[in-house]
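Raw structure-v2.txt, compact mmCIF, C-alpha atoms and all ligand atoms:
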```txt
# COMPACT_ATOMS: atom_id res chain seq x y z
CA MET F 207 20.92 -3.01 21.93
CA ARG F 208 24.29 -1.54 20.97
CA THR F 209 25.05 -2.83 17.51
CA ILE F 210 22.65 -3.59 14.69
CA ALA F 211 23.15 -4.87 11.16
CA VAL F 212 21.17 -4.43 7.98
CA MET F 213 20.97 -6.63 4.91
CA THR F 214 18.91 -7.17 1.75
CA SER F 215 17.81 -10.59 0.55
CA GLY F 216 16.00 -12.14 -2.44
CA GLY F 217 15.12 -10.13 -5.54
CA ASP F 218 16.15 -6.49 -5.37
CA ALA F 219 13.47 -3.80 -5.40
CA PRO F 220 13.67 -0.05 -6.02
CA GLY F 221 13.62 1.69 -2.64
CA MET F 222 15.75 -0.88 -0.83
CA ASN F 223 18.58 1.66 -0.72
CA ALA F 224 16.30 4.26 0.85
CA ALA F 225 15.43 1.70 3.55
CA ILE F 226 19.11 0.87 4.16
CA ARG F 227 19.84 4.61 4.45
CA ALA F 228 17.06 5.06 7.00
CA VAL F 229 18.19 2.10 9.12
CA VAL F 230 21.80 3.30 9.14
CA ARG F 231 21.09 6.96 9.86
CA VAL F 232 18.34 6.41 12.42
CA GLY F 233 20.50 3.78 14.13
CA LEU F 234 23.50 6.12 14.32
CA ASP F 235 21.26 8.95 15.50
CA LYS F 236 20.14 6.73 18.37
CA GLY F 237 23.73 6.05 19.35
CA LEU F 238 23.95 2.54 17.89
CA ARG F 239 26.78 1.07 15.88
CA VAL F 240 25.51 -0.05 12.47
CA LYS F 241 26.96 -2.72 10.22
CA GLY F 242 26.07 -3.86 6.73
CA VAL F 243 25.86 -7.49 5.63
CA GLN F 244 26.66 -8.05 1.98
CA ARG F 245 24.87 -10.48 -0.40
CA GLY F 246 22.04 -11.44 1.93
CA TYR F 247 22.09 -14.74 3.80
CA LYS F 248 24.98 -15.94 1.63
CA GLY F 249 27.16 -13.09 2.85
CA LEU F 250 25.96 -13.55 6.40
CA ILE F 251 27.09 -17.19 6.49
CA ASN F 252 30.48 -16.09 5.18
CA GLY F 253 30.84 -13.13 7.54
CA GLU F 254 30.76 -10.48 4.79
CA ILE F 255 30.07 -7.73 7.31
CA PHE F 256 31.39 -4.17 7.43
CA ASP F 257 30.92 -1.00 9.47
CA MET F 258 28.58 1.65 8.11
CA ASN F 259 28.64 5.37 8.84
CA ARG F 260 26.51 8.25 7.60
CA SER F 261 28.52 8.70 4.42
CA ALA F 262 28.28 4.99 3.59
CA VAL F 263 24.67 5.69 2.66
CA ALA F 264 25.15 9.08 1.01
CA GLU F 265 23.79 9.53 -2.52
CA ILE F 266 21.75 6.33 -2.49
CA ILE F 267 18.17 7.43 -1.77
CA GLN F 268 17.59 7.94 -5.50
CA LYS F 269 19.24 4.73 -6.66
CA GLY F 270 17.59 1.45 -7.66
CA GLY F 271 19.09 -1.93 -6.74
CA THR F 272 20.77 -2.46 -3.39
CA ILE F 273 24.19 -1.20 -2.35
CA LEU F 274 24.43 -4.21 -0.01
CA LYS F 275 23.90 -6.59 -2.97
CA THR F 276 21.62 -9.57 -2.72
CA ALA F 277 21.67 -13.27 -3.50
CA SER F 278 19.57 -16.37 -3.19
CA CYS F 279 20.98 -18.86 -0.71
CA ASP F 280 19.98 -22.52 -0.77
CA GLU F 281 22.56 -23.27 1.91
CA PHE F 282 20.53 -21.26 4.43
CA ARG F 283 17.86 -23.97 4.29
CA THR F 284 20.10 -26.15 6.46
CA GLN F 285 20.09 -25.84 10.26
CA GLU F 286 23.89 -25.92 10.23
CA ALA F 287 24.12 -22.81 8.03
CA ARG F 288 21.59 -20.97 10.17
CA GLU F 289 23.46 -21.77 13.36
CA ARG F 290 26.67 -20.62 11.69
CA SER F 291 24.95 -17.35 10.76
CA ALA F 292 23.72 -16.77 14.31
CA ASN F 293 27.25 -17.42 15.49
CA VAL F 294 28.73 -14.99 12.96
CA LEU F 295 26.36 -12.30 14.24
CA ARG F 296 27.46 -12.97 17.82
CA LEU F 297 31.09 -12.89 16.75
CA PHE F 298 30.63 -9.43 15.23
CA GLY F 299 28.83 -8.28 18.39
CA ILE F 300 25.55 -7.73 16.51
CA ASP F 301 22.52 -7.60 18.81
CA GLY F 302 19.81 -7.00 16.22
CA LEU F 303 19.34 -7.61 12.50
CA VAL F 304 17.17 -5.78 9.98
CA VAL F 305 16.38 -7.86 6.89
CA ILE F 306 14.86 -6.20 3.83
CA GLY F 307 13.22 -8.48 1.27
CA GLY F 308 10.27 -10.68 0.36
CA ASP F 309 8.78 -13.77 1.95
CA GLY F 310 12.02 -15.78 1.67
CA ALA F 311 13.89 -13.04 3.53
CA PHE F 312 11.15 -12.99 6.16
CA ALA F 313 11.30 -16.78 6.62
CA GLY F 314 15.06 -16.52 7.16
CA ALA F 315 14.65 -13.73 9.70
CA SER F 316 12.07 -15.77 11.60
CA LEU F 317 14.38 -18.80 11.73
CA LEU F 318 17.24 -16.65 13.00
CA SER F 319 15.01 -15.17 15.70
CA LYS F 320 14.37 -18.73 16.92
CA LEU F 321 18.12 -19.06 17.35
CA GLY F 322 18.18 -16.01 19.63
CA VAL F 323 18.86 -13.29 17.06
CA ALA F 324 16.58 -10.25 17.41
CA ALA F 325 15.31 -9.73 13.87
CA VAL F 326 13.06 -7.20 12.17
CA ALA F 327 11.87 -7.68 8.59
CA ILE F 328 11.04 -4.89 6.14
CA PRO F 329 8.99 -5.83 3.04
CA GLY F 330 11.02 -5.10 -0.09
CA THR F 331 9.70 -6.72 -3.26
CA ILE F 332 8.05 -5.43 -6.42
CA ASP F 333 5.41 -8.20 -6.18
CA ASN F 334 3.30 -6.67 -3.36
CA ASP F 335 2.42 -10.22 -2.40
CA LEU F 336 2.56 -10.01 1.41
CA GLY F 337 -0.87 -10.13 3.02
CA TYR F 338 -0.20 -8.18 6.21
CA THR F 339 0.89 -4.94 4.54
CA ASP F 340 -0.88 -2.73 2.01
CA TYR F 341 2.38 -2.02 0.18
CA THR F 342 5.83 -3.49 -0.19
CA ILE F 343 8.81 -1.29 -1.09
CA GLY F 344 9.37 -1.34 -4.86
CA PHE F 345 5.83 -2.08 -5.98
CA ASP F 346 4.96 1.52 -6.77
CA THR F 347 8.13 2.07 -8.80
CA ALA F 348 7.58 -1.17 -10.72
CA LEU F 349 4.02 -0.08 -11.48
CA ASN F 350 5.29 3.22 -12.84
CA THR F 351 7.76 1.34 -15.02
CA VAL F 352 4.91 -0.79 -16.35
CA ILE F 353 2.82 2.29 -17.10
CA GLU F 354 5.68 3.94 -18.94
CA ALA F 355 6.15 0.83 -21.06
CA ILE F 356 2.41 0.56 -21.74
CA ASN F 357 2.29 4.18 -22.90
CA LYS F 358 4.99 3.45 -25.45
CA LEU F 359 3.46 0.17 -26.58
CA ARG F 360 0.11 1.90 -27.04
CA ASP F 361 1.67 4.33 -29.54
CA THR F 362 2.93 1.57 -31.78
CA ALA F 363 -0.14 -0.68 -31.28
CA ASN F 364 -2.35 2.25 -32.27
CA SER F 365 -0.33 3.02 -35.38
CA HIS F 366 -0.57 -0.58 -36.58
CA ASN F 367 -4.04 -1.40 -35.24
CA ARG F 368 -2.56 -4.30 -33.34
CA VAL F 369 -3.25 -6.27 -30.21
CA SER F 370 -0.42 -5.77 -27.75
CA ILE F 371 0.17 -8.41 -25.09
CA VAL F 372 2.37 -7.25 -22.21
CA GLU F 373 3.71 -9.75 -19.67
CA VAL F 374 4.58 -8.37 -16.26
CA MET F 375 6.18 -9.93 -13.19
CA GLY F 376 4.50 -10.94 -9.94
CA ARG F 377 5.59 -14.46 -9.00
CA GLY F 378 2.12 -15.95 -8.56
CA CYS F 379 0.54 -12.67 -7.51
CA GLY F 380 -1.53 -10.49 -9.85
CA GLU F 381 -1.00 -7.12 -8.15
CA ILE F 382 1.34 -5.64 -10.76
CA ALA F 383 -0.91 -6.78 -13.61
CA LEU F 384 -4.10 -5.65 -11.87
CA TYR F 385 -2.97 -2.18 -10.86
CA GLY F 386 -0.78 -1.75 -13.95
CA GLY F 387 -3.80 -2.68 -16.08
CA LEU F 388 -6.02 -0.27 -14.21
CA ALA F 389 -3.61 2.65 -14.39
CA GLY F 390 -2.56 1.85 -17.95
CA GLY F 391 -6.10 1.45 -19.25
CA ALA F 392 -5.59 -2.13 -20.47
CA GLU F 393 -8.58 -3.71 -22.21
CA SER F 394 -7.93 -7.17 -20.69
CA ILE F 395 -5.92 -8.43 -17.74
CA LEU F 396 -4.95 -12.01 -17.02
CA ILE F 397 -3.99 -12.74 -13.44
CA PRO F 398 -3.42 -15.90 -11.42
CA GLU F 399 -6.29 -15.06 -9.06
CA LYS F 400 -8.87 -15.36 -11.88
CA ASP F 401 -9.53 -17.91 -14.62
CA PHE F 402 -9.40 -16.44 -18.08
CA ASP F 403 -11.34 -17.14 -21.20
CA LYS F 404 -9.45 -16.62 -24.44
CA ASN F 405 -12.71 -16.35 -26.37
CA GLU F 406 -13.88 -13.53 -24.12
CA ILE F 407 -10.71 -11.57 -24.98
CA CYS F 408 -11.29 -12.19 -28.69
CA LYS F 409 -14.93 -11.10 -28.41
CA LYS F 410 -13.77 -7.88 -26.76
CA ILE F 411 -11.27 -7.32 -29.57
CA PHE F 412 -14.07 -7.68 -32.17
CA GLN F 413 -16.38 -5.37 -30.18
CA GLY F 414 -13.63 -2.77 -29.79
CA LYS F 415 -12.86 -2.90 -33.51
CA SER F 416 -16.48 -2.32 -34.43
CA ARG F 417 -16.48 0.74 -32.17
CA GLY F 418 -13.45 2.10 -33.98
CA LYS F 419 -10.85 1.14 -31.37
CA LEU F 420 -7.36 1.23 -32.78
CA HIS F 421 -5.69 -1.27 -30.49
CA HIS F 422 -6.28 -3.77 -27.70
CA LEU F 423 -3.93 -4.06 -24.75
CA VAL F 424 -3.76 -7.31 -22.80
CA LEU F 425 -1.79 -7.28 -19.54
CA VAL F 426 -0.69 -10.73 -18.39
CA ALA F 427 0.86 -11.68 -15.06
CA GLU F 428 3.83 -14.03 -15.56
CA GLY F 429 2.99 -17.71 -15.23
CA VAL F 430 -0.66 -17.38 -16.21
CA CYS F 431 -0.10 -18.61 -19.76
CA ASP F 432 2.43 -18.78 -22.55
CA THR F 433 2.08 -15.24 -23.93
CA ASN F 434 3.57 -16.10 -27.33
CA GLU F 435 1.11 -18.95 -27.72
CA LEU F 436 -1.73 -16.66 -26.62
CA ALA F 437 -0.67 -14.12 -29.25
CA ARG F 438 -0.73 -16.82 -31.93
CA GLU F 439 -4.21 -17.97 -30.89
CA ILE F 440 -5.64 -14.43 -30.71
CA GLU F 441 -4.25 -13.65 -34.15
CA GLU F 442 -5.74 -16.86 -35.54
CA ILE F 443 -9.21 -16.25 -34.06
CA THR F 444 -9.49 -12.49 -34.69
CA GLY F 445 -7.26 -11.97 -37.68
CA VAL F 446 -5.73 -8.99 -35.85
CA GLU F 447 -1.96 -8.78 -35.80
CA THR F 448 -0.74 -9.44 -32.26
CA ARG F 449 2.63 -8.74 -30.65
CA THR F 450 4.02 -9.79 -27.29
CA THR F 451 6.37 -7.86 -24.99
CA ILE F 452 7.82 -9.45 -21.88
CA LEU F 453 8.89 -6.59 -19.61
CA GLY F 454 11.03 -8.82 -17.38
CA HIS F 455 13.71 -7.41 -15.10
CA ILE F 456 13.29 -3.86 -16.36
CA GLN F 457 10.53 -3.77 -13.70
CA ARG F 458 13.08 -4.37 -10.96
CA GLY F 459 15.38 -1.44 -11.72
CA GLY F 460 15.26 2.32 -11.94
CA ASN F 461 15.05 5.26 -9.57
CA PRO F 462 12.54 4.60 -6.81
CA SER F 463 9.36 6.66 -6.89
CA ALA F 464 8.72 9.30 -4.22
CA PHE F 465 6.17 6.92 -2.67
CA ASP F 466 8.72 4.10 -2.34
CA ARG F 467 11.41 6.41 -0.93
CA ILE F 468 9.06 7.73 1.73
CA LEU F 469 7.68 4.28 2.55
CA ALA F 470 11.21 2.86 2.82
CA SER F 471 12.35 5.71 5.07
CA ARG F 472 9.39 5.29 7.41
CA MET F 473 9.78 1.52 7.57
CA GLY F 474 13.54 1.77 8.12
CA GLU F 475 13.04 4.14 11.02
CA ARG F 476 10.41 1.90 12.62
CA ALA F 477 12.61 -1.19 12.24
CA VAL F 478 15.35 0.42 14.35
CA GLU F 479 12.83 1.57 16.96
CA LEU F 480 11.44 -1.97 17.23
CA LEU F 481 14.89 -3.42 17.89
CA MET F 482 15.49 -0.75 20.53
CA GLU F 483 12.15 -1.60 22.12
CA GLY F 484 13.40 -5.17 22.54
CA LYS F 485 11.28 -6.82 19.83
CA THR F 486 12.80 -10.10 18.68
CA SER F 487 10.75 -11.11 15.63
CA SER F 488 8.82 -8.29 13.99
CA ALA F 489 7.66 -7.39 10.51
CA VAL F 490 7.12 -3.75 9.64
CA GLY F 491 4.21 -2.91 7.35
CA ILE F 492 1.81 -0.18 6.36
CA LYS F 493 -1.97 -0.29 6.84
CA ASN F 494 -4.28 2.58 5.92
CA GLY F 495 -1.30 4.93 5.80
CA GLU F 496 0.00 4.02 9.26
CA ILE F 497 3.24 2.13 9.89
CA ILE F 498 2.45 -1.08 11.77
CA ASP F 499 4.36 -4.08 13.10
CA ILE F 500 3.38 -7.68 13.71
CA ASP F 501 5.15 -10.95 14.46
CA ILE F 502 7.07 -12.25 11.41
CA ASP F 503 5.40 -15.69 11.43
CA GLU F 504 1.99 -14.08 11.69
CA ALA F 505 2.88 -11.79 8.79
CA LEU F 506 3.91 -14.79 6.71
CA SER F 507 0.72 -16.68 7.51
CA MET F 508 -1.57 -13.91 6.25
CA PRO F 509 -2.65 -14.50 2.66
CA ARG F 510 -2.97 -11.53 0.37
CA ILE F 511 -6.68 -10.76 -0.04
CA PHE F 512 -7.51 -10.21 -3.67
CA ASN F 513 -9.30 -6.92 -4.25
CA GLU F 514 -12.47 -7.99 -6.11
CA LYS F 515 -13.81 -4.44 -6.13
CA ILE F 516 -10.80 -3.10 -8.00
CA TYR F 517 -10.95 -6.06 -10.39
CA ASN F 518 -14.63 -5.47 -11.16
CA MET F 519 -14.08 -1.74 -11.59
CA MET F 520 -11.20 -2.47 -13.94
CA ARG F 521 -13.50 -4.68 -16.05
CA ILE F 522 -16.14 -1.95 -16.26
CA LEU F 523 -13.65 0.76 -17.15
CA SER F 524 -11.96 -1.30 -19.84
CA SER F 525 -15.08 -2.51 -21.65
O1 LIG I 601 10.03 -11.49 -6.53
C1 LIG I 601 10.43 -10.53 -7.45
C2 LIG I 601 10.54 -11.12 -8.83
O2 LIG I 601 10.96 -10.11 -9.73
C3 LIG I 601 9.30 -11.82 -9.35
O3 LIG I 601 8.31 -10.94 -9.82
C4 LIG I 601 9.86 -12.72 -10.42
O4 LIG I 601 9.05 -13.85 -10.62
C5 LIG I 601 11.19 -13.13 -9.81
O5 LIG I 601 11.53 -12.13 -8.84
C6 LIG I 601 12.32 -13.25 -10.80
O6 LIG I 601 13.42 -13.76 -10.12
P1 LIG I 601 14.89 -13.75 -10.70
O7 LIG I 601 15.43 -12.34 -10.59
O8 LIG I 601 15.62 -14.68 -9.81
O9 LIG I 601 14.81 -14.19 -12.12
```
Write the structure described by the file as structure tokens, please.
Amino acid sequence: MRTIAVMTSGGDAPGMNAAIRAVVRVGLDKGLRVKGVQRGYKGLINGEIFDMNRSAVAEIIQKGGTILKTASCDEFRTQEARERSANVLRLFGIDGLVVIGGDGAFAGASLLSKLGVAAVAIPGTIDNDLGYTDYTIGFDTALNTVIEAINKLRDTANSHNRVSIVEVMGRGCGEIALYGGLAGGAESILIPEKDFDKNEICKKIFQGKSRGKLHHLVLVAEGVCDTNELAREIEEITGVETRTTILGHIQRGGNPSAFDRILASRMGERAVELLMEGKTSSAVGIKNGEIIDIDIDEALSMPRIFNEKIYNMMRILSS
């Protein structure tokens, strides 16, 4: 292993830059040459590859987004594009590739490894939807963004005695809504892992009102329902004014939290070590505070186990 490359793929996540920094600096420290691939698999196919030194990653640990840029790439679904990518890597003398991203990025890394490219995947997505790891880079920062927004929405919901519906991201996974709801003290959460009953929410609103509650916060994971329609129905049933806020891409940006910076640094370091140890298809993760690694395909096959205990606690605390 003499030359490695690093790239980010799929949706950006706060902390990706800290991971890039770790890969570059640990790689250089170990005597490797390090290159950056721009715009994910799209850039890889087109040979958008450049040399990286220590100063290329200066002043980025605190920055959201990804200095390497990212893109979705339908073309990579074809065998031809993947073979071209493997060839590009050979052409640039790259022996190992670190890919930072979500499940799509992992799937790409696995396919490349089958074409003889040594690949290590680092989980970078706000969704925290990968089953093999306790945390993905970006989740903690996104949660903090959600909490900050909830705090503000509470102020105005309280002043007006309103119901506030807040839609968060997650792409089919309820982690942001669940933990955001828990930390933000939401009265109701709607997540894809659980059926919801609109009447139950309305009953809770009535009960809260009779206890002198000034507001009711409903946290909804995207895709569970049409939040504007839900607001209309709640207002109709309860007579309580209801407003909807869709947080959207604000959850993807911002300075990474200390947790994400540390996680990204540890994962970046381990990724380089794995390539140097001769691993050809590994996913880095964290379990019970320890950095772990498993085969990428195995990582992808592990479903995220929904935390019923947290969900039940959340229901008790919010009632
Ligand atoms: O996977 C991260 C994520 O932010 C999801 O939570 C969301 O569903 C999706 O990406 C949004 O994708 P895009 O940035 O392409 O709109």
Pick the closest to Val478 (chain F) from F:Ile498, F:Leu303, F:Val263, F:Ile407: which is it, counting only C-alpha atoms? F:Leu303
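Shell of Thr284 (chain F) at 12 Å, with only C-alpha atoms counted and residues fewer than 5 places along the chain excluded, is Tyr247, Ile251, Cys279, Glu289, Arg290, Ser291, Gly314, Leu317 and Leu318 of chain F.
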If we count all atoms listed in the file and set the cut-off at 7 Å, which residues sit around region 237-240 of chain F, ignoring sequence neighbours fewer than 4 positions away in its own chain? Please answer as a list in words. Arg208, Thr209, Ile210, Ala211, Val230, Gly233, Asp257 and Met258 of chain F
Contacts of Glu514 (chain F) within 12 Å, only C-alpha atoms, excl. fewer than 6 positions in-chain, as a ChimeraX atom specification: /F:380-381,384,399-400,520-521
Can you tell me which residues sit at most 12 Å away from ligand LIG 601 (chain I), counting only C-alpha atoms and all ligand atoms, written as number ranges by chain? F: 215-220, 271, 276-279, 307-311, 329-336, 342-345, 348-349, 373-383, 427-430, 453-459
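You can rank F:Thr444, F:Met473, F:Lys275, F:Ile397 by their closest distance to Gly414 (chain F) using only C-alpha atoms, and at the top of that list sits F:Thr444.
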For Gly337 (chain F), please output as JSON, numbers by chain all residues within 12 Å (counting all atoms listed in the file; exclusion window: fewer than 3 positions along the same chain). {"F": [308, 309, 329, 333, 334, 340, 341, 342, 379, 381, 489, 491, 492, 493, 500, 502, 503, 504, 505, 506, 507, 508, 509, 510, 511, 512, 513]}
Hey, can you spit out that residue selection with C-alpha atoms as a short mmCIF file (atom, residue, chain, number, x, y, z; two decimals), keeping the file's coordinate frame?
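The result, stored in result.cif:
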```cif
data_model
loop_
_atom_site.label_atom_id
_atom_site.label_comp_id
_atom_site.auth_asym_id
_atom_site.auth_seq_id
_atom_site.Cartn_x
_atom_site.Cartn_y
_atom_site.Cartn_z
CA GLY F 308 10.27 -10.68 0.36
CA ASP F 309 8.78 -13.77 1.95
CA PRO F 329 8.99 -5.83 3.04
CA ASP F 333 5.41 -8.20 -6.18
CA ASN F 334 3.30 -6.67 -3.36
CA ASP F 340 -0.88 -2.73 2.01
CA TYR F 341 2.38 -2.02 0.18
CA THR F 342 5.83 -3.49 -0.19
CA CYS F 379 0.54 -12.67 -7.51
CA GLU F 381 -1.00 -7.12 -8.15
CA ALA F 489 7.66 -7.39 10.51
CA GLY F 491 4.21 -2.91 7.35
CA ILE F 492 1.81 -0.18 6.36
CA LYS F 493 -1.97 -0.29 6.84
CA ILE F 500 3.38 -7.68 13.71
CA ILE F 502 7.07 -12.25 11.41
CA ASP F 503 5.40 -15.69 11.43
CA GLU F 504 1.99 -14.08 11.69
CA ALA F 505 2.88 -11.79 8.79
CA LEU F 506 3.91 -14.79 6.71
CA SER F 507 0.72 -16.68 7.51
CA MET F 508 -1.57 -13.91 6.25
CA PRO F 509 -2.65 -14.50 2.66
CA ARG F 510 -2.97 -11.53 0.37
CA ILE F 511 -6.68 -10.76 -0.04
CA PHE F 512 -7.51 -10.21 -3.67
CA ASN F 513 -9.30 -6.92 -4.25
#
```
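Distances here use only C-alpha atoms; by that measure, the residue among F:Ile306, F:Ile443, F:Val369, F:Ile267 closest to Ala477 (chain F) is F:Ile306.
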Return the single residue from F:Thr451, F:Ser261, F:Asn293, F:Ser488 that is closest to Lys358 (chain F), with distances computed using all atoms listed in the file.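 Of F:Thr451, F:Ser261, F:Asn293, F:Ser488, the one nearest Lys358 (chain F) is F:Thr451, counting all atoms listed in the file.
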Distance query Glu447 (chain F) at most 12 Å, only C-alpha atoms, self and fewer than 4 positions along chain excluded, as a compact mmCIF listing (two decimals) with C-alpha atoms, keeping the file's coordinate frame:
```
# COMPACT_ATOMS: atom_id res chain seq x y z
CA ALA F 363 -0.14 -0.68 -31.28
CA ASN F 364 -2.35 2.25 -32.27
CA SER F 365 -0.33 3.02 -35.38
CA HIS F 366 -0.57 -0.58 -36.58
CA ASN F 367 -4.04 -1.40 -35.24
CA ARG F 368 -2.56 -4.30 -33.34
CA VAL F 369 -3.25 -6.27 -30.21
CA SER F 370 -0.42 -5.77 -27.75
CA ILE F 371 0.17 -8.41 -25.09
CA ILE F 411 -11.27 -7.32 -29.57
CA LEU F 420 -7.36 1.23 -32.78
CA HIS F 421 -5.69 -1.27 -30.49
CA HIS F 422 -6.28 -3.77 -27.70
CA ALA F 437 -0.67 -14.12 -29.25
CA ARG F 438 -0.73 -16.82 -31.93
CA GLU F 439 -4.21 -17.97 -30.89
CA ILE F 440 -5.64 -14.43 -30.71
CA GLU F 441 -4.25 -13.65 -34.15
CA GLU F 442 -5.74 -16.86 -35.54
CA ILE F 443 -9.21 -16.25 -34.06
```
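Considering only C-alpha atoms, the residue among F:Ala224, F:Leu388, F:Val326, F:Ile395 positioned nearest to Lys269 (chain F) is F:Ala224.
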Between CA of Met519 (chain F) and CA of Asn494 (chain F), what is the distance, to one decimal in Å?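 According to the coordinates, CA of Met519 (chain F) and CA of Asn494 (chain F) are separated by 20.5 Å.
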Calculated over only C-alpha atoms, which of the candidates F:Val372, F:Ile497, F:Ile353, F:Met482 has the smallest distance to Tyr385 (chain F)?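 The closest residue to Tyr385 (chain F) is F:Ile353.
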Once N, CA and C atoms are restored for region 448-469 of chain F, what would the output be as a PDB file, in the coordinates of the input?
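Final file, selection38.pdb:
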```
ATOM      1  N   THR F 448      -0.940  -9.480 -33.711  1.00  0.00           N
ATOM      2  CA  THR F 448      -0.740  -9.440 -32.260  1.00  0.00           C
ATOM      3  C   THR F 448       0.746  -9.558 -31.945  1.00  0.00           C
ATOM      4  N   ARG F 449       1.215  -8.713 -31.047  1.00  0.00           N
ATOM      5  CA  ARG F 449       2.630  -8.740 -30.650  1.00  0.00           C
ATOM      6  C   ARG F 449       2.738  -8.906 -29.134  1.00  0.00           C
ATOM      7  N   THR F 450       3.803  -9.558 -28.719  1.00  0.00           N
ATOM      8  CA  THR F 450       4.020  -9.790 -27.290  1.00  0.00           C
ATOM      9  C   THR F 450       5.272  -9.062 -26.805  1.00  0.00           C
ATOM     10  N   THR F 451       5.181  -8.472 -25.634  1.00  0.00           N
ATOM     11  CA  THR F 451       6.370  -7.860 -24.990  1.00  0.00           C
ATOM     12  C   THR F 451       6.456  -8.397 -23.578  1.00  0.00           C
ATOM     13  N   ILE F 452       7.605  -8.977 -23.261  1.00  0.00           N
ATOM     14  CA  ILE F 452       7.820  -9.450 -21.880  1.00  0.00           C
ATOM     15  C   ILE F 452       8.698  -8.409 -21.191  1.00  0.00           C
ATOM     16  N   LEU F 453       8.133  -7.707 -20.221  1.00  0.00           N
ATOM     17  CA  LEU F 453       8.890  -6.590 -19.610  1.00  0.00           C
ATOM     18  C   LEU F 453      10.065  -7.073 -18.763  1.00  0.00           C
ATOM     19  N   GLY F 454       9.915  -8.202 -18.104  1.00  0.00           N
ATOM     20  CA  GLY F 454      11.030  -8.820 -17.380  1.00  0.00           C
ATOM     21  C   GLY F 454      11.676  -7.939 -16.326  1.00  0.00           C
ATOM     22  N   HIS F 455      12.987  -8.044 -16.216  1.00  0.00           N
ATOM     23  CA  HIS F 455      13.710  -7.410 -15.100  1.00  0.00           C
ATOM     24  C   HIS F 455      13.784  -5.895 -15.181  1.00  0.00           C
ATOM     25  N   ILE F 456      13.339  -5.326 -16.284  1.00  0.00           N
ATOM     26  CA  ILE F 456      13.290  -3.860 -16.360  1.00  0.00           C
ATOM     27  C   ILE F 456      12.405  -3.328 -15.218  1.00  0.00           C
ATOM     28  N   GLN F 457      11.444  -4.165 -14.785  1.00  0.00           N
ATOM     29  CA  GLN F 457      10.530  -3.770 -13.700  1.00  0.00           C
ATOM     30  C   GLN F 457      11.225  -3.707 -12.344  1.00  0.00           C
ATOM     31  N   ARG F 458      12.394  -4.309 -12.258  1.00  0.00           N
ATOM     32  CA  ARG F 458      13.080  -4.370 -10.960  1.00  0.00           C
ATOM     33  C   ARG F 458      14.032  -3.186 -10.748  1.00  0.00           C
ATOM     34  N   GLY F 459      14.368  -2.499 -11.851  1.00  0.00           N
ATOM     35  CA  GLY F 459      15.380  -1.440 -11.720  1.00  0.00           C
ATOM     36  C   GLY F 459      14.792  -0.046 -11.755  1.00  0.00           C
ATOM     37  N   GLY F 460      15.679   0.926 -11.801  1.00  0.00           N
ATOM     38  CA  GLY F 460      15.260   2.320 -11.940  1.00  0.00           C
ATOM     39  C   GLY F 460      15.207   3.074 -10.627  1.00  0.00           C
ATOM     40  N   ASN F 461      15.128   4.405 -10.766  1.00  0.00           N
ATOM     41  CA  ASN F 461      15.050   5.260  -9.570  1.00  0.00           C
ATOM     42  C   ASN F 461      13.745   5.005  -8.848  1.00  0.00           C
ATOM     43  N   PRO F 462      13.799   4.816  -7.538  1.00  0.00           N
ATOM     44  CA  PRO F 462      12.540   4.600  -6.810  1.00  0.00           C
ATOM     45  C   PRO F 462      11.640   5.828  -6.877  1.00  0.00           C
ATOM     46  N   SER F 463      10.342   5.562  -6.891  1.00  0.00           N
ATOM     47  CA  SER F 463       9.360   6.660  -6.890  1.00  0.00           C
ATOM     48  C   SER F 463       9.401   7.372  -5.534  1.00  0.00           C
ATOM     49  N   ALA F 464       8.794   8.559  -5.490  1.00  0.00           N
ATOM     50  CA  ALA F 464       8.720   9.300  -4.220  1.00  0.00           C
ATOM     51  C   ALA F 464       8.004   8.437  -3.176  1.00  0.00           C
ATOM     52  N   PHE F 465       6.939   7.758  -3.597  1.00  0.00           N
ATOM     53  CA  PHE F 465       6.170   6.920  -2.670  1.00  0.00           C
ATOM     54  C   PHE F 465       7.070   5.857  -2.037  1.00  0.00           C
ATOM     55  N   ASP F 466       7.852   5.169  -2.875  1.00  0.00           N
ATOM     56  CA  ASP F 466       8.720   4.100  -2.340  1.00  0.00           C
ATOM     57  C   ASP F 466       9.813   4.650  -1.429  1.00  0.00           C
ATOM     58  N   ARG F 467      10.347   5.823  -1.778  1.00  0.00           N
ATOM     59  CA  ARG F 467      11.410   6.410  -0.930  1.00  0.00           C
ATOM     60  C   ARG F 467      10.859   6.764   0.442  1.00  0.00           C
ATOM     61  N   ILE F 468       9.656   7.317   0.459  1.00  0.00           N
ATOM     62  CA  ILE F 468       9.060   7.730   1.730  1.00  0.00           C
ATOM     63  C   ILE F 468       8.680   6.498   2.553  1.00  0.00           C
ATOM     64  N   LEU F 469       8.061   5.523   1.872  1.00  0.00           N
ATOM     65  CA  LEU F 469       7.680   4.280   2.550  1.00  0.00           C
ATOM     66  C   LEU F 469       8.908   3.605   3.166  1.00  0.00           C
TER      67      LEU F 469
END
```
